[in-house]
Structure formats: C-alpha cells, structure tokens
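To be precise, the following lines are my_file36.pdb, and they hold PDB, C-alpha atoms, pLDDT in the B column.
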```pdb
ATOM      1  CA  MET B 984       4.879  35.647  -7.523  1.00 58.00           C
ATOM      2  CA  ILE B 985       8.503  34.910  -6.715  1.00 66.00           C
ATOM      3  CA  VAL B 986       9.211  31.681  -4.865  1.00 60.00           C
ATOM      4  CA  SER B 987      12.352  31.812  -2.780  1.00 68.00           C
ATOM      5  CA  ASN B 988      12.155  28.191  -1.613  1.00 67.00           C
ATOM      6  CA  GLN B 989      12.287  26.037  -4.764  1.00 63.00           C
ATOM      7  CA  SER B 990      11.742  22.838  -2.767  1.00 63.00           C
ATOM      8  CA  ALA B 991       8.184  24.027  -2.050  1.00 62.00           C
ATOM      9  CA  LEU B 992       7.375  23.384  -5.713  1.00 65.00           C
ATOM     10  CA  ILE B 993       8.444  19.743  -5.586  1.00 65.00           C
ATOM     11  CA  PRO B 994       5.786  17.534  -3.971  1.00 63.00           C
ATOM     12  CA  GLU B 995       6.838  14.997  -1.372  1.00 65.00           C
ATOM     13  CA  ILE B 996       6.883  11.416  -2.568  1.00 61.00           C
ATOM     14  CA  PRO B 997       4.463   9.479  -0.340  1.00 59.00           C
ATOM     15  CA  THR B 998       6.004   6.567   1.525  1.00 66.00           C
ATOM     16  CA  ILE B 999       4.578   3.655   3.413  1.00 68.00           C
ATOM     17  CA  ASP B1000       6.566   2.169   6.233  1.00 72.00           C
ATOM     18  CA  ILE B1001       7.071  -1.542   6.742  1.00 77.00           C
ATOM     19  CA  SER B1002       4.763  -1.744   9.766  1.00 80.00           C
ATOM     20  CA  GLU B1003       1.918  -0.201   7.712  1.00 82.00           C
ATOM     21  CA  ALA B1004       2.530  -2.694   4.913  1.00 83.00           C
ATOM     22  CA  ARG B1005       2.505  -5.657   7.309  1.00 86.00           C
ATOM     23  CA  TRP B1006      -0.662  -4.385   8.989  1.00 88.00           C
ATOM     24  CA  ALA B1007      -2.375  -4.019   5.611  1.00 90.00           C
ATOM     25  CA  VAL B1008      -1.290  -7.525   4.544  1.00 92.00           C
ATOM     26  CA  GLU B1009      -2.872  -8.985   7.698  1.00 94.00           C
ATOM     27  CA  TYR B1010      -6.183  -7.250   7.136  1.00 94.00           C
ATOM     28  CA  LEU B1011      -6.240  -8.002   3.426  1.00 95.00           C
ATOM     29  CA  SER B1012      -5.734 -11.670   4.290  1.00 95.00           C
ATOM     30  CA  LEU B1013      -8.694 -11.543   6.674  1.00 95.00           C
ATOM     31  CA  MET B1014     -10.910  -9.944   4.020  1.00 95.00           C
ATOM     32  CA  ILE B1015      -9.808 -12.449   1.370  1.00 95.00           C
ATOM     33  CA  GLU B1016     -10.773 -15.348   3.672  1.00 95.00           C
ATOM     34  CA  LYS B1017     -14.330 -13.999   3.919  1.00 95.00           C
ATOM     35  CA  LEU B1018     -14.861 -13.601   0.152  1.00 94.00           C
ATOM     36  CA  ASP B1019     -15.650 -16.047  -2.611  1.00 94.00           C
ATOM     37  CA  PRO B1020     -12.305 -17.327  -4.009  1.00 91.00           C
ATOM     38  CA  GLU B1021     -13.490 -16.735  -7.584  1.00 92.00           C
ATOM     39  CA  SER B1022     -14.729 -13.169  -7.066  1.00 94.00           C
ATOM     40  CA  PRO B1023     -13.074 -10.282  -8.952  1.00 94.00           C
ATOM     41  CA  VAL B1024     -12.694  -8.427  -5.661  1.00 94.00           C
ATOM     42  CA  THR B1025     -10.687 -11.328  -4.273  1.00 95.00           C
ATOM     43  CA  LEU B1026      -8.408 -11.194  -7.302  1.00 95.00           C
ATOM     44  CA  ILE B1027      -7.747  -7.479  -6.757  1.00 94.00           C
ATOM     45  CA  LEU B1028      -7.180  -7.913  -3.015  1.00 95.00           C
ATOM     46  CA  ARG B1029      -4.730 -10.766  -3.629  1.00 95.00           C
ATOM     47  CA  GLN B1030      -2.745  -8.664  -6.088  1.00 94.00           C
ATOM     48  CA  THR B1031      -2.696  -5.770  -3.620  1.00 92.00           C
ATOM     49  CA  ARG B1032      -1.514  -8.123  -0.880  1.00 94.00           C
ATOM     50  CA  ARG B1033       1.299  -9.419  -3.120  1.00 92.00           C
ATOM     51  CA  GLU B1034       2.431  -5.859  -3.834  1.00 88.00           C
ATOM     52  CA  LEU B1035       2.448  -4.974  -0.135  1.00 87.00           C
ATOM     53  CA  VAL B1036       4.323  -8.167   0.772  1.00 88.00           C
ATOM     54  CA  SER B1037       6.994  -7.252  -1.753  1.00 84.00           C
ATOM     55  CA  LEU B1038       7.235  -3.762  -0.233  1.00 77.00           C
ATOM     56  CA  ALA B1039       7.537  -5.177   3.270  1.00 75.00           C
ATOM     57  CA  GLN B1040      10.432  -7.383   2.134  1.00 76.00           C
ATOM     58  CA  SER B1041      12.242  -4.456   0.525  1.00 66.00           C
ATOM     59  CA  VAL B1042      14.695  -2.522   2.666  1.00 54.00           C
ATOM     60  CA  SER B1043      13.838   0.770   0.967  1.00 57.00           C
ATOM     61  CA  ALA B1044      10.047   0.424   0.866  1.00 50.00           C
ATOM     62  CA  THR B1045       8.818   3.465  -1.038  1.00 54.00           C
ATOM     63  CA  VAL B1046       5.497   3.796  -2.798  1.00 53.00           C
ATOM     64  CA  ILE B1047       5.276   6.150  -5.746  1.00 51.00           C
ATOM     65  CA  GLY B1048       1.763   7.519  -5.909  1.00 54.00           C
ATOM     66  CA  PRO B1049      -0.980   8.568  -3.531  1.00 53.00           C
ATOM     67  CA  ILE B1050      -1.618   5.357  -1.589  1.00 54.00           C
ATOM     68  CA  ARG B1051      -2.794   5.464   1.963  1.00 50.00           C
ATOM     69  CA  ILE B1052      -4.616   2.804   3.925  1.00 49.00           C
ATOM     70  CA  ALA B1053      -6.860   3.868   6.786  1.00 44.00           C
ATOM     71  CA  ALA B1054      -8.807   1.812   9.299  1.00 40.00           C
TER      72      ALA B1054
END
```

Is it possible to give me this structure as structure tokens?
Amino acid sequence: MIVSNQSALIPEIPTIDISEARWAVEYLSLMIEKLDPESPVTLILRQTRRELVSLAQSVSATVIGPIRIAA
C-alpha cells in the first residue's frame, strides 16, 4: 500500500484544554473531601489534581498520552 499523505501515519498528540483541567480539578477536590485522608486512593487523586493544576497554570497546556476525563 502506498500512502500519499504522510501525516496520516503520525498520530495526533492528545491535548486537554484549560477549562477541562479546571473542571477536573473541581471534581477531584469534591471526591477527595469525601474520602479518608489516609487512603491510597486519596493520595492518587491528590497527585492527579496537582498535575492538572500545573497544566491549568501553563499557557501551552498539552498532555502527552491518552488522557481523557469524562463525566
């Protein structure tokens, strides 16, 4: 097979916009409030929230990897 459009072979890099990151931070905060502060799940959710906060503060918020958050 001959591919005439070489860009079709390069996958798109997934991005998350700032409004998605802020929305996710809000809902992570709500979930964290409901959990035991010492739980491993809380630890993971806090780390995820920190990562999203740092993305929301960045002007060029780009996520490398297949991350998507759905309601």

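Between Arg1032 of chain B and the residues B:Pro1020, B:Trp1006, B:Leu1011, B:Ile1001, the shortest atom-to-atom distance, using only C-alpha atoms, involves B:Leu1011.
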
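Reported to one decimal place, the separation of atom CA of Ser1002 of chain B from atom CA of Ser1022 of chain B is 28.2 Å.
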
Discussion item. Show me, as a list of chain:residue names, the residues that have an atom within 12 Å of Arg1029 of chain B when counting all atoms listed in the file, minus same-chain residues fewer than 2 positions from it.
Written reply: B:Ala1007, B:Val1008, B:Glu1009, B:Tyr1010, B:Leu1011, B:Ser1012, B:Leu1013, B:Met1014, B:Ile1015, B:Glu1016, B:Leu1018, B:Pro1020, B:Glu1021, B:Ser1022, B:Pro1023, B:Val1024, B:Thr1025, B:Leu1026, B:Ile1027, B:Thr1031, B:Arg1032, B:Arg1033, B:Glu1034, B:Leu1035, B:Val1036

Mind giving me the axis-aligned box for segment 1013-1016 of chain B with 5 Å on every side, centre plus edges in Å to one decimal, as JSON?
```
{"center_x": -9.8, "center_y": -12.6, "center_z": 4.0, "size_x": 12.2, "size_y": 15.4, "size_z": 15.3}
```
